[in-house]
file entry11.txt (compact mmCIF, C-alpha atoms)
# COMPACT_ATOMS: atom_id res chain seq x y z
CA MET A 1 -4.08 186.01 35.13
CA SER A 2 -4.80 188.96 37.41
CA ALA A 3 -7.67 187.12 39.11
CA ILE A 4 -5.38 184.15 39.84
CA GLY A 5 -2.95 186.62 41.43
CA HIS A 6 -5.66 187.95 43.72
CA TYR A 7 -6.83 184.48 44.76
CA LEU A 8 -3.37 182.97 45.32
CA GLU A 9 -2.31 186.00 47.32
CA SER A 10 -5.47 185.79 49.45
CA ALA A 11 -4.50 182.15 50.15
CA GLY A 12 -0.99 183.13 51.28
CA ILE A 13 1.09 182.71 48.10
CA ALA A 14 2.98 185.79 46.88
CA THR A 15 2.54 186.34 43.14
CA ALA A 16 4.05 188.40 40.35
CA SER A 17 2.46 188.30 36.92
CA ILE A 18 3.48 189.32 33.46
CA SER A 19 0.95 191.65 31.87
CA LEU A 20 0.54 191.52 28.11
CA VAL A 21 -2.46 193.86 28.00
CA ARG A 22 -1.74 196.77 30.33
CA GLU A 23 -5.31 198.08 30.06
CA HIS A 24 -6.64 194.87 31.62
CA THR A 25 -4.06 194.85 34.41
CA GLU A 26 -4.84 198.47 35.27
CA VAL A 27 -8.45 197.64 36.10
CA MET A 28 -7.81 194.21 37.64
CA GLN A 29 -4.99 195.46 39.93
CA PRO A 30 -3.16 192.21 40.77
CA PRO A 31 -0.61 192.49 43.63
CA ARG A 32 2.52 192.65 41.43
CA ALA A 33 2.62 192.91 37.65
CA LEU A 34 5.21 193.68 34.99
CA TRP A 35 3.79 194.94 31.71
CA VAL A 36 5.85 193.86 28.71
CA PRO A 37 5.61 195.36 25.19
CA PHE A 38 5.74 192.00 23.41
CA PRO A 39 3.31 190.32 20.99
CA LEU A 40 0.51 188.18 22.43
CA GLY A 41 1.91 184.66 22.67
CA ARG A 42 5.44 185.81 23.57
CA PRO A 43 5.50 186.76 27.27
CA LEU A 44 9.29 186.39 27.49
CA GLY A 45 9.87 188.40 24.31
CA VAL A 46 11.88 186.48 21.75
CA PRO A 47 12.74 182.83 21.10
CA HIS A 48 16.29 181.51 21.49
CA ASN A 49 17.59 184.58 23.26
CA ALA A 50 18.36 183.34 26.77
CA ALA A 51 19.99 186.62 27.83
CA PHE A 52 16.89 188.65 26.99
CA GLN A 53 14.52 186.08 28.51
CA ARG A 54 16.58 186.19 31.73
CA LYS A 55 16.37 189.98 31.76
CA VAL A 56 12.56 189.86 31.59
CA LEU A 57 12.40 187.12 34.21
CA LYS A 58 14.71 189.01 36.60
CA ALA A 59 12.60 192.17 36.22
CA LEU A 60 9.51 190.11 37.07
CA LEU A 61 11.15 188.38 40.05
CA GLY A 62 12.43 191.75 41.25
CA LEU A 63 8.84 192.67 42.09
CA PHE A 64 9.02 190.25 45.03
CA GLU A 65 11.49 192.68 46.64
CA ARG A 66 8.81 195.39 46.86
CA HIS A 67 7.29 196.09 50.25
CA SER A 68 3.81 197.27 49.26
CA GLY A 69 1.44 197.24 46.33
CA PRO A 70 -0.34 196.81 44.05
CA VAL A 71 2.63 197.32 41.73
CA LEU A 72 2.30 197.68 37.97
CA GLU A 73 5.69 198.31 36.45
CA ASP A 74 6.61 198.68 32.77
CA PHE A 75 9.39 196.70 31.12
CA LYS A 76 10.50 199.45 28.78
CA GLU A 77 12.71 197.54 26.39
CA ASP A 78 11.21 196.17 23.19
CA ALA A 79 12.11 192.60 22.28
CA PRO A 80 15.21 192.47 20.09
CA PRO A 81 14.59 191.52 16.46
CA ASP A 82 13.81 187.87 15.90
CA THR A 83 16.64 187.26 13.47
CA ALA A 84 15.02 184.17 12.00
CA TRP A 85 12.25 186.22 10.40
CA ALA A 86 12.25 187.08 6.73
CA PRO A 87 11.78 190.72 5.68
CA THR A 88 9.15 189.64 3.20
CA ASP A 89 5.44 189.14 2.63
CA VAL A 90 3.38 186.07 1.87
CA GLN A 91 3.21 186.42 -1.90
CA GLY A 92 4.66 184.06 -4.48
CA GLU A 93 7.95 182.40 -3.77
CA ALA A 94 8.11 183.55 -0.15
CA CYS A 95 5.29 181.11 0.66
CA PRO A 96 6.25 177.77 2.19
CA VAL A 97 3.82 176.16 -0.26
CA PHE A 98 1.61 177.87 -2.75
CA PHE A 99 -1.38 176.60 -4.69
CA ASP A 100 -3.26 178.85 -7.02
CA SER A 101 -6.76 177.60 -7.69
CA PRO A 102 -9.13 176.00 -5.18
CA PRO A 103 -10.40 172.52 -6.09
CA GLU A 104 -14.04 172.00 -7.00
CA GLN A 105 -14.81 168.61 -5.49
CA ALA A 106 -14.40 167.30 -1.95
CA GLY A 107 -12.43 164.29 -3.21
CA GLU A 108 -10.08 166.54 -5.05
CA LEU A 109 -9.74 168.80 -2.04
CA LEU A 110 -8.45 165.92 0.07
CA SER A 111 -5.99 165.00 -2.63
CA VAL A 112 -4.69 168.58 -2.88
CA LEU A 113 -4.49 168.79 0.89
CA ARG A 114 -2.41 165.64 0.96
CA ASP A 115 -0.07 167.15 -1.62
CA GLU A 116 0.25 170.22 0.56
CA LEU A 117 1.01 168.07 3.60
CA ASP A 118 3.55 166.05 1.61
CA GLN A 119 5.37 169.21 0.63
CA LEU A 120 5.52 170.38 4.21
CA ALA A 121 6.35 167.03 5.84
CA PRO A 122 10.15 167.08 5.34
CA TRP A 123 10.34 170.59 6.74
CA GLN A 124 8.22 169.68 9.74
CA ALA A 125 10.44 166.65 10.37
CA LEU A 126 13.45 168.95 10.24
CA ALA A 127 11.80 171.33 12.71
CA ALA A 128 11.11 168.46 15.12
CA HIS A 129 14.70 167.27 14.80
CA ARG A 130 16.12 170.72 15.53
CA ARG A 131 13.78 171.35 18.44
CA GLY A 132 14.34 167.91 19.91
CA ALA A 133 10.60 167.21 19.88
CA SER A 134 7.50 168.30 18.04
CA ALA A 135 4.49 170.11 19.46
CA PHE A 136 2.46 168.27 16.79
CA GLY A 137 0.61 165.20 18.03
CA LEU A 138 -2.22 166.55 20.19
CA ALA A 139 -4.78 164.40 18.44
CA GLY A 140 -2.59 161.31 18.09
CA GLN A 141 -3.21 161.01 14.35
CA THR A 142 -1.24 161.58 11.17
CA PRO A 143 -1.60 164.91 9.34
CA ALA A 144 -3.33 163.13 6.44
CA ALA A 145 -5.85 161.49 8.79
CA LEU A 146 -6.59 164.84 10.42
CA ALA A 147 -7.09 166.47 7.02
CA GLY A 148 -9.41 163.60 6.05
CA GLN A 149 -11.39 164.15 9.23
CA LEU A 150 -11.91 167.84 8.39
CA VAL A 151 -12.87 167.17 4.78
CA ALA A 152 -15.35 164.53 5.95
CA LEU A 153 -16.95 167.13 8.22
CA THR A 154 -17.75 169.30 5.19
CA ASP A 155 -19.39 166.32 3.52
CA ALA A 156 -21.33 164.87 6.45
CA SER A 157 -25.12 164.98 6.40
CA SER A 158 -25.25 165.63 10.14
CA THR A 159 -22.59 166.42 12.73
CA SER A 160 -22.56 166.54 16.54
CA SER A 161 -20.89 168.94 18.95
CA SER A 162 -18.27 166.30 19.73
CA ASP A 163 -17.41 166.14 15.99
CA TRP A 164 -16.68 169.87 16.19
CA GLN A 165 -14.67 169.57 19.40
CA SER A 166 -12.61 166.89 17.75
CA ALA A 167 -12.25 169.07 14.65
CA LYS A 168 -10.98 171.95 16.78
CA LEU A 169 -8.20 169.70 18.13
CA ALA A 170 -7.40 168.55 14.59
CA VAL A 171 -7.17 172.15 13.39
CA ASP A 172 -4.84 173.11 16.26
CA ASP A 173 -2.65 170.12 15.56
CA LEU A 174 -2.48 170.80 11.84
CA ARG A 175 -1.68 174.45 12.49
CA THR A 176 1.27 173.26 14.58
CA PHE A 177 2.35 170.99 11.72
CA TYR A 178 2.17 173.81 9.16
CA GLU A 179 3.86 176.38 11.38
CA GLU A 180 6.67 174.07 12.43
CA ALA A 181 7.29 173.23 8.77
CA ALA A 182 7.20 176.85 7.64
CA ALA A 183 9.48 177.98 10.48
CA SER A 184 12.22 175.53 9.53
CA GLN A 185 12.58 176.85 5.96
CA PRO A 186 15.24 179.44 5.08
CA SER A 187 14.22 182.97 6.12
CA PRO A 188 10.94 181.94 7.74
CA LEU A 189 7.97 184.28 7.79
CA ALA A 190 7.39 186.58 10.78
CA PRO A 191 4.39 185.67 12.99
CA ALA A 192 1.87 188.00 11.31
CA ALA A 193 2.89 186.86 7.82
CA LEU A 194 2.92 183.25 8.96
CA ALA A 195 -0.67 183.51 10.19
CA GLU A 196 -1.74 185.28 7.00
CA TRP A 197 -0.16 182.51 4.96
CA PHE A 198 -1.78 179.74 6.99
CA TYR A 199 -5.29 181.19 7.07
CA THR A 200 -5.46 182.78 3.62
CA LYS A 201 -2.98 181.07 1.30
CA THR A 202 -3.05 177.37 2.13
CA GLN A 203 -5.62 174.80 1.05
CA LEU A 204 -6.15 173.98 4.71
CA GLY A 205 -6.85 177.65 5.46
CA ARG A 206 -9.45 177.68 2.70
CA LEU A 207 -11.03 174.57 4.15
CA LEU A 208 -11.20 176.27 7.56
CA HIS A 209 -13.22 179.13 6.09
CA THR A 210 -15.63 176.60 4.59
CA LEU A 211 -15.88 174.79 7.92
CA ARG A 212 -16.52 178.04 9.75
CA GLN A 213 -19.47 178.89 7.50
CA LEU A 214 -20.90 175.38 7.97
CA GLY A 215 -20.49 175.56 11.73
CA LEU A 216 -22.05 179.00 12.02
CA ALA A 217 -25.26 177.56 10.55
CA HIS A 218 -25.23 174.55 12.88
CA GLU A 219 -28.16 173.99 15.21
CA ASP A 220 -25.86 173.08 18.11
CA ALA A 221 -24.56 176.02 20.18
CA THR A 222 -21.15 174.41 20.93
CA ALA A 223 -20.57 173.77 17.24
CA ARG A 224 -21.49 177.39 16.45
CA GLN A 225 -19.17 178.69 19.18
CA ILE A 226 -16.24 176.60 17.96
CA ALA A 227 -16.84 177.68 14.37
CA ASP A 228 -17.23 181.31 15.32
CA ARG A 229 -14.29 181.75 17.70
CA MET A 230 -11.92 178.83 17.69
CA LEU A 231 -11.03 178.00 14.11
CA ILE A 232 -9.84 181.26 12.58
CA PRO A 233 -8.49 184.44 14.25
CA ARG A 234 -10.90 187.35 14.26
CA LYS A 235 -8.73 189.39 11.90
CA PHE A 236 -9.14 186.79 9.15
CA HIS A 237 -12.92 186.40 9.44
CA VAL A 238 -14.55 187.36 6.16
CA ASP A 239 -17.85 188.32 7.81
CA HIS A 240 -16.82 190.65 10.64
CA MET B 1 3.12 194.74 19.92
CA ALA B 2 0.93 194.04 22.95
CA ARG B 3 0.32 197.79 22.88
CA LEU B 4 -3.33 198.11 21.90
CA SER B 5 -2.43 200.74 19.32
CA GLU B 6 -0.41 198.15 17.43
CA LEU B 7 -3.11 195.48 17.30
CA SER B 8 -5.70 195.06 14.58
CA GLU B 9 -8.94 196.98 15.03
CA HIS B 10 -10.90 193.81 15.75
CA GLU B 11 -8.43 192.60 18.33
CA ARG B 12 -8.27 196.03 19.97
CA ASP B 13 -12.07 196.33 20.16
CA HIS B 14 -12.33 192.84 21.63
CA LEU B 15 -9.72 193.55 24.33
CA LEU B 16 -11.29 196.90 25.23
CA LYS B 17 -14.68 195.27 25.55
CA MET B 18 -13.17 192.67 27.88
CA ARG B 19 -11.66 195.48 29.98
CA GLU B 20 -15.06 197.11 30.38
CA GLN B 21 -16.58 193.83 31.50
CA ALA B 22 -13.73 192.76 33.82
CA PRO B 23 -14.66 192.49 37.49
CA ARG B 24 -13.06 195.01 39.83
CA LEU B 25 -11.30 193.01 42.54
CA GLU B 26 -10.22 194.89 45.62
CA PRO B 27 -6.37 194.79 45.96
CA LYS B 28 -6.46 193.98 49.65
CA HIS B 29 -4.03 191.04 49.93
CA TRP B 30 -0.24 191.38 49.98
CA VAL B 31 1.93 188.48 51.10
CA SER B 32 5.42 189.35 52.33
CA GLY B 33 8.26 186.86 52.24
CA PRO B 34 11.99 186.34 52.47
CA ALA B 35 14.57 187.92 50.18
CA LEU B 36 14.34 186.80 46.55
CA SER B 37 17.54 184.77 46.96
CA LYS B 38 15.71 182.63 49.52
CA ARG B 39 12.45 182.15 47.65
CA ARG B 40 11.17 178.95 46.08
CA VAL B 41 9.52 179.80 42.76
CA ALA B 42 6.80 178.07 40.76
CA ILE B 43 5.41 178.90 37.33
CA VAL B 44 1.66 179.22 36.79
CA SER B 45 0.83 179.62 33.11
CA THR B 46 -2.43 180.17 31.25
CA ALA B 47 -1.01 179.00 27.92
CA GLY B 48 -2.80 175.66 27.80
CA LEU B 49 0.42 173.69 28.31
CA HIS B 50 0.66 170.03 29.25
CA ALA B 51 2.89 167.00 28.99
CA GLY B 52 2.46 164.98 25.82
CA SER B 53 1.13 162.10 27.90
CA ASP B 54 -1.48 164.35 29.55
CA SER B 55 -4.88 165.08 28.07
CA ALA B 56 -5.32 168.13 25.85
CA PHE B 57 -7.49 170.99 27.03
CA ALA B 58 -10.95 170.71 25.51
CA PRO B 59 -13.21 173.58 24.42
CA GLY B 60 -15.87 172.44 26.86
CA GLU B 61 -13.56 172.28 29.86
CA GLY B 62 -14.63 175.67 31.16
CA ALA B 63 -11.14 177.18 31.37
CA THR B 64 -10.77 176.41 35.08
CA GLY B 65 -9.05 173.03 34.77
CA TYR B 66 -5.26 172.89 35.05
CA ARG B 67 -2.45 170.49 34.25
CA VAL B 68 0.57 169.70 36.42
CA ILE B 69 4.04 170.06 34.90
CA ALA B 70 6.83 168.44 36.91
CA SER B 71 10.08 170.34 37.22
CA ASP B 72 12.06 167.56 35.52
CA THR B 73 9.96 167.95 32.35
CA ASN B 74 11.94 168.92 29.29
CA PRO B 75 10.07 172.05 28.05
CA VAL B 76 10.50 171.03 24.39
CA THR B 77 8.21 168.07 25.05
CA LEU B 78 5.36 170.32 26.22
CA MET B 79 2.23 170.56 24.11
CA MET B 80 -0.04 173.57 23.78
CA SER B 81 -3.80 173.08 23.37
CA HIS B 82 -5.47 176.45 23.71
CA ILE B 83 -8.89 177.33 22.37
CA SER B 84 -7.84 180.84 21.31
CA VAL B 85 -6.43 181.30 17.84
CA ASN B 86 -5.71 184.97 18.42
CA PHE B 87 -2.09 184.87 19.60
CA ASP B 88 1.23 183.95 18.09
CA ARG B 89 2.31 180.35 18.61
CA SER B 90 5.35 180.39 16.33
CA GLY B 91 7.61 181.54 19.18
CA PHE B 92 6.55 178.60 21.34
CA ARG B 93 6.99 176.22 18.40
CA ARG B 94 10.64 177.23 18.16
CA ASP B 95 11.48 177.82 21.81
CA PRO B 96 9.05 176.87 24.58
CA GLU B 97 11.08 178.98 27.07
CA ILE B 98 9.40 182.04 25.56
CA VAL B 99 6.17 180.88 27.25
CA PHE B 100 7.39 178.52 29.96
CA PRO B 101 10.89 179.62 31.09
CA LEU B 102 11.70 176.62 33.25
CA SER B 103 15.34 176.39 32.11
CA ARG B 104 15.83 180.13 32.69
CA LEU B 105 14.40 179.76 36.19
CA LYS B 106 16.78 176.87 36.95
CA GLU B 107 19.71 178.98 35.74
CA LEU B 108 18.70 181.76 38.13
CA ALA B 109 18.47 179.25 40.97
CA ASP B 110 21.96 177.91 40.14
CA GLU B 111 23.28 181.46 40.26
CA GLY B 112 21.62 182.20 43.58
CA VAL B 113 19.28 184.88 42.22
CA ILE B 114 16.37 182.83 43.59
CA GLY B 115 16.49 180.19 46.30
CA SER B 116 15.11 177.20 44.42
CA VAL B 117 12.69 176.03 41.74
CA ALA B 118 9.47 174.29 42.81
CA ASP B 119 9.01 170.61 42.08
CA TYR B 120 5.69 171.24 40.33
CA HIS B 121 4.33 173.93 38.02
CA TYR B 122 0.84 174.44 36.63
CA SER B 123 -0.95 175.51 33.49
CA PHE B 124 -4.48 176.64 32.94
CA MET B 125 -5.87 177.25 29.47
CA GLY B 126 -6.87 180.87 29.02
CA ALA B 127 -9.28 182.56 31.34
CA PRO B 128 -12.91 181.85 32.05
CA PHE B 129 -15.32 184.74 31.94
CA PRO B 130 -15.85 186.26 34.37
CA PRO B 131 -12.35 185.48 35.75
CA THR B 132 -13.86 185.25 39.25
CA ARG B 133 -14.66 181.65 38.21
CA PHE B 134 -10.97 180.95 38.88
CA GLU B 135 -11.46 181.33 42.63
CA GLY B 136 -12.07 177.68 43.53
CA LYS B 137 -9.26 176.22 41.42
CA ALA B 138 -6.83 178.99 42.39
CA LYS B 139 -7.37 178.22 46.07
CA GLU B 140 -6.90 174.51 45.36
CA LEU B 141 -3.65 175.41 43.62
CA ALA B 142 -2.55 177.55 46.58
CA ALA B 143 -2.79 174.50 48.84
CA LEU B 144 -0.60 172.49 46.44
CA LEU B 145 1.93 175.33 46.21
CA HIS B 146 2.12 175.52 50.02
CA ARG B 147 2.82 171.78 50.17
CA ASP B 148 5.65 172.31 47.66
CA ARG B 149 6.99 175.08 50.01
CA VAL B 150 6.54 177.69 47.28
CA ASP B 151 6.62 181.29 48.42
CA ALA B 152 6.72 183.00 45.02
CA ALA B 153 4.50 182.15 42.06
CA ILE B 154 5.16 183.79 38.72
CA LEU B 155 2.03 184.05 36.61
CA LEU B 156 2.60 183.94 32.87
CA PRO B 157 -0.18 184.68 30.37
CA VAL B 158 0.08 184.05 26.66
call {"tool": "encode", "arguments": {"input": "entry11.txt", "output": "structure tokens"}}
result
Amino acid sequence: MSAIGHYLESAGIATASISLVREHTEVMQPPRALWVPFPLGRPLGVPHNAAFQRKVLKALLGLFERHSGPVLEDFKEDAPPDTAWAPTDVQGEACPVFFDSPPEQAGELLSVLRDELDQLAPWQALAAHRRGASAFGLAGQTPAALAGQLVALTDASSTSSSDWQSAKLAVDDLRTFYEEAAASQPSPLAPAALAEWFYTKTQLGRLLHTLRQLGLAHEDATARQIADRMLIPRKFHVDH
Amino acid sequence: MARLSELSEHERDHLLKMREQAPRLEPKHWVSGPALSKRRVAIVSTAGLHAGSDSAFAPGEGATGYRVIASDTNPVTLMMSHISVNFDRSGFRRDPEIVFPLSRLKELADEGVIGSVADYHYSFMGAPFPPTRFEGKAKELAALLHRDRVDAAILLPV
């Protein structure tokens, strides 16, 4: 983001950027930056709180009133609590869906995955209704088709880099499906717990770990890169 | 939470490594402009956002491509296709304004805090490494912003 600030400014466009990682902004020195103490992924702080979002935005826009720079200012207020979050963990009944034992066969895995998707589908539909639209649909396929595509990848005798690029899109889309569904249930999980649930407690999460191991051993560099960095967050890697 | 001390060890180490490797760009440009209440503002995001009808960002795209988001787009119809899995997306799932505050910006224009909202906004997907690879596309974008009479671009990471 800081580099874009430098280049736009050098081409005559004044810029002000939000900084999520102050340490990066300090060394990159963009013309105007407002560091905010919010989680990665939430540059305006908290969902469905227009007053707070406006406060952040006005602080950012206020940097255009400065007469010299570079400016790196701190937004000192933490985001107010996200009241939709549940004060709970990802064990037992708090989970949006919970399956205990992993299946042994690929055929069975697909069947269990479909059950998981079926359980989540009404909640995801509710989320889409409330939001007015769904962010699911990147790949233009149904959740069951996407799950089938991923299971097939574990069973294929040979795969290409485009298979893995397509799988990455399928994973992103399914993550949206799961997270939209989970977020529409009563007392939804907070972001960290939601990610832990998705990557460690769901059948799909288990499948992703299997896919990652397969991809890491792939002869194609793109497939290895996707498997290594783009399927599962670093904190949930089992081999770091 | 974006304080490094509050991130996981792996995430913190990764971000510190990126800081060490980041290029040092000389802060030599500073564009002045009219009062904020006269400025025309555009959003430039790196969240991998695009209209549902637009193509998703692909892992092989090199992180310098961008998508155009017209000002009459309803933010709830935006999609996010970002290669990184290391940030929270649940906020965006519930309220896209947390990443792309187009409605907030329009409210501020209605109230006279800013002059107007640009007709077009832009989203990249993440950052290439080194970020100096942005130079060509950023200058292309600057020409488009000038044509839209934009004199203030807010840059929003994810």
call {"tool": "atom_distance", "arguments": {"input": "entry11.txt", "atom1": "CA of Glu65 (chain A)", "atom2": "CA of Val158 (chain B)"}}
result
24.6 Å
call {"tool": "residues_near_point", "arguments": {"input": "entry11.txt", "point": "(20.4, 182.1, 37.7)", "cutoff": "12 Å", "atoms": "all atoms listed in the file", "output": "list in words"}}
result
Ala50, Ala51, Gln53, Arg54, Lys55, Leu57, Lys58 and Leu61 of chain A; Leu36, Ser37, Pro101, Leu102, Ser103, Arg104, Leu105, Lys106, Glu107, Leu108, Ala109, Asp110, Glu111, Gly112, Val113, Ile114, Gly115, Ser116 and Val117 of chain B
call {"tool": "closest_residue", "arguments": {"input": "entry11.txt", "among": "A:Leu207, A:Ala11, A:Ala183, A:Leu63", "to": "Leu34 (chain A)", "atoms": "all atoms listed in the file"}}
result
A:Leu63
call {"tool": "closest_residue", "arguments": {"input": "entry11.txt", "among": "A:Ala192, A:Ala144, A:Leu113, A:Ala156", "to": "chain B", "atoms": "all atoms listed in the file"}}
result
A:Ala192
call {"tool": "interface_residues", "arguments": {"input": "entry11.txt", "of": "chain A", "to": "chain B", "cutoff": "7 Å", "atoms": "all atoms listed in the file", "output": "number ranges by chain"}}
result
A: 1, 3-4, 7-18, 20-21, 23-24, 27-31, 37-48, 54, 64-65, 70, 131-133, 135, 138, 165, 179-180, 191, 230-235
call {"tool": "closest_residue", "arguments": {"input": "entry11.txt", "among": "A:Asp163, A:Gln149, A:Ala33, A:Leu189", "to": "Thr83 (chain A)", "atoms": "all atoms listed in the file"}}
result
A:Leu189
call {"tool": "atom_distance", "arguments": {"input": "entry11.txt", "atom1": "CA of Arg12 (chain B)", "atom2": "CA of Phe236 (chain A)"}}
result
14.3 Å
call {"tool": "closest_residue", "arguments": {"input": "entry11.txt", "among": "A:Asp172, A:Thr25, A:Arg32, A:Gln185", "to": "Gly69 (chain A)", "atoms": "all atoms listed in the file"}}
result
A:Arg32
call {"tool": "atom_distance", "arguments": {"input": "entry11.txt", "atom1": "CA of Ser158 (chain A)", "atom2": "CA of Leu208 (chain A)"}}
result
17.8 Å
call {"tool": "axis_aligned_box", "arguments": {"input": "entry11.txt", "around": "region 103-108 of chain B", "padding_each_side": "4 Å", "output": "lines of an AutoDock Vina configuration file"}}
result
center_x = 17.1
center_y = 179.1
center_z = 35.1
size_x = 13.3
size_y = 13.4
size_z = 14.0
call {"tool": "closest_residue", "arguments": {"input": "entry11.txt", "among": "A:Ala79, A:Ala221, A:Ala145, A:Val97", "to": "Ala170 (chain A)", "atoms": "only C-alpha atoms"}}
result
A:Ala145
call {"tool": "residues_around", "arguments": {"input": "entry11.txt", "residues": "Thr159 (chain A)", "least_positions_apart": "6", "cutoff": "9 Å", "atoms": "only C-alpha atoms", "output": "ChimeraX atom specification"}}
result
/A:153,218,223
call {"tool": "decode", "arguments": {"input": "entry11.txt", "residues": "region 54-68 of chain A", "atoms": "C-alpha atoms", "output": "PDB file, in the first residue's frame"}}
result
ATOM      1  CA  ARG A  54     -16.990   7.206   9.896  1.00  0.00           C
ATOM      2  CA  LYS A  55     -14.691   8.196  12.752  1.00  0.00           C
ATOM      3  CA  VAL A  56     -11.821   6.181  11.249  1.00  0.00           C
ATOM      4  CA  LEU A  57     -12.537   7.504   7.763  1.00  0.00           C
ATOM      5  CA  LYS A  58     -12.650  11.131   8.966  1.00  0.00           C
ATOM      6  CA  ALA A  59      -9.325  10.685  10.788  1.00  0.00           C
ATOM      7  CA  LEU A  60      -7.829   9.322   7.562  1.00  0.00           C
ATOM      8  CA  LEU A  61      -9.292  12.099   5.392  1.00  0.00           C
ATOM      9  CA  GLY A  62      -8.085  14.665   7.927  1.00  0.00           C
ATOM     10  CA  LEU A  63      -4.529  13.878   6.827  1.00  0.00           C
ATOM     11  CA  PHE A  64      -5.253  15.726   3.572  1.00  0.00           C
ATOM     12  CA  GLU A  65      -5.391  18.934   5.633  1.00  0.00           C
ATOM     13  CA  ARG A  66      -1.704  18.583   6.591  1.00  0.00           C
ATOM     14  CA  HIS A  67       0.784  20.860   4.875  1.00  0.00           C
ATOM     15  CA  SER A  68       3.899  18.686   4.922  1.00  0.00           C
TER      16      SER A  68
END
